[in-house]
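Heads up: the structure comes next, in C-alpha coordinates.
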Amino acid sequence: MKWLKYSQYLYLLAGVVFLISAAYKFFSKEAYIIQLFISVVLVIMFLIRRNFIKRIENRQKKQ
(Lines give C-alpha, C1' and ligand atoms only; values in the text may rest on other atoms or scores of the structure.)
Protein backbone atom coordinates (compact mmCIF):
# COMPACT_ATOMS: atom_id res chain seq x y z
CA MET A 1 0.00 0.00 0.00
CA LYS A 2 2.95 2.29 0.55
CA TRP A 3 3.81 2.32 -3.14
CA LEU A 4 0.42 3.88 -3.89
CA LYS A 5 1.47 6.97 -1.98
CA TYR A 6 4.49 7.44 -4.24
CA SER A 7 3.03 6.25 -7.53
CA GLN A 8 0.93 9.41 -7.82
CA TYR A 9 4.09 11.42 -8.38
CA LEU A 10 4.87 9.41 -11.51
CA TYR A 11 1.77 10.96 -13.09
CA LEU A 12 2.98 14.41 -12.11
CA LEU A 13 6.50 13.76 -13.40
CA ALA A 14 5.19 12.43 -16.73
CA GLY A 15 2.86 15.43 -17.00
CA VAL A 16 5.76 17.84 -16.54
CA VAL A 17 7.83 15.97 -19.13
CA PHE A 18 5.01 16.15 -21.67
CA LEU A 19 4.45 19.83 -20.87
CA ILE A 20 8.11 20.60 -21.50
CA SER A 21 7.92 18.62 -24.74
CA ALA A 22 4.83 20.56 -25.80
CA ALA A 23 6.53 23.88 -25.02
CA TYR A 24 9.59 22.87 -27.04
CA LYS A 25 7.43 21.86 -30.01
CA PHE A 26 5.37 25.05 -29.71
CA PHE A 27 8.45 27.24 -29.99
CA SER A 28 9.87 25.19 -32.87
CA LYS A 29 6.55 25.49 -34.79
CA GLU A 30 5.70 21.79 -34.67
CA ALA A 31 2.44 20.05 -33.73
CA TYR A 32 2.17 20.25 -29.95
CA ILE A 33 -1.54 19.74 -29.21
CA ILE A 34 -1.26 16.00 -28.47
CA GLN A 35 1.55 16.50 -25.93
CA LEU A 36 -0.37 19.33 -24.30
CA PHE A 37 -3.51 17.19 -24.06
CA ILE A 38 -1.58 14.24 -22.58
CA SER A 39 0.06 16.60 -20.09
CA VAL A 40 -3.29 17.93 -18.91
CA VAL A 41 -4.71 14.41 -18.60
CA LEU A 42 -1.71 13.27 -16.54
CA VAL A 43 -1.99 16.21 -14.16
CA ILE A 44 -5.70 15.48 -13.73
CA MET A 45 -4.83 11.83 -13.04
CA PHE A 46 -2.37 13.01 -10.37
CA LEU A 47 -5.11 15.02 -8.67
CA ILE A 48 -7.58 12.14 -8.84
CA ARG A 49 -5.03 9.68 -7.48
CA ARG A 50 -4.10 12.05 -4.63
CA ASN A 51 -7.77 12.46 -3.72
CA PHE A 52 -8.28 8.68 -3.81
CA ILE A 53 -5.27 8.03 -1.55
CA LYS A 54 -6.44 10.63 0.97
CA ARG A 55 -9.86 8.99 1.03
CA ILE A 56 -8.30 5.57 1.69
CA GLU A 57 -6.13 6.98 4.50
CA ASN A 58 -9.14 8.64 6.14
CA ARG A 59 -11.10 5.39 5.92
CA GLN A 60 -8.23 3.49 7.57
CA LYS A 61 -7.98 6.06 10.40
CA LYS A 62 -11.68 5.64 11.20
CA GLN A 63 -11.33 1.89 11.67
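Please note that chains go A, B, ... in the order of the C-alpha coordinates, that every chain numbers its residues from 1, and that ligands are numbered from 1 in the order shown.
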Spatial neighbours of Leu42 in chain A, 12 Å, only C-alpha atoms, chain gap at least 4 places, as a ChimeraX atom specification: /A:8-19,35-38,46-49
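Between CA of Lys2 in chain A and CA of Gln63 in chain A there is a distance of 18.1 Å.
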Just the number, please: distance in Å from CA of Lys61 in chain A to CA of Ser7 in chain A, one decimal.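 Going from CA of Lys61 in chain A over to CA of Ser7 in chain A, I get 21.0 Å.
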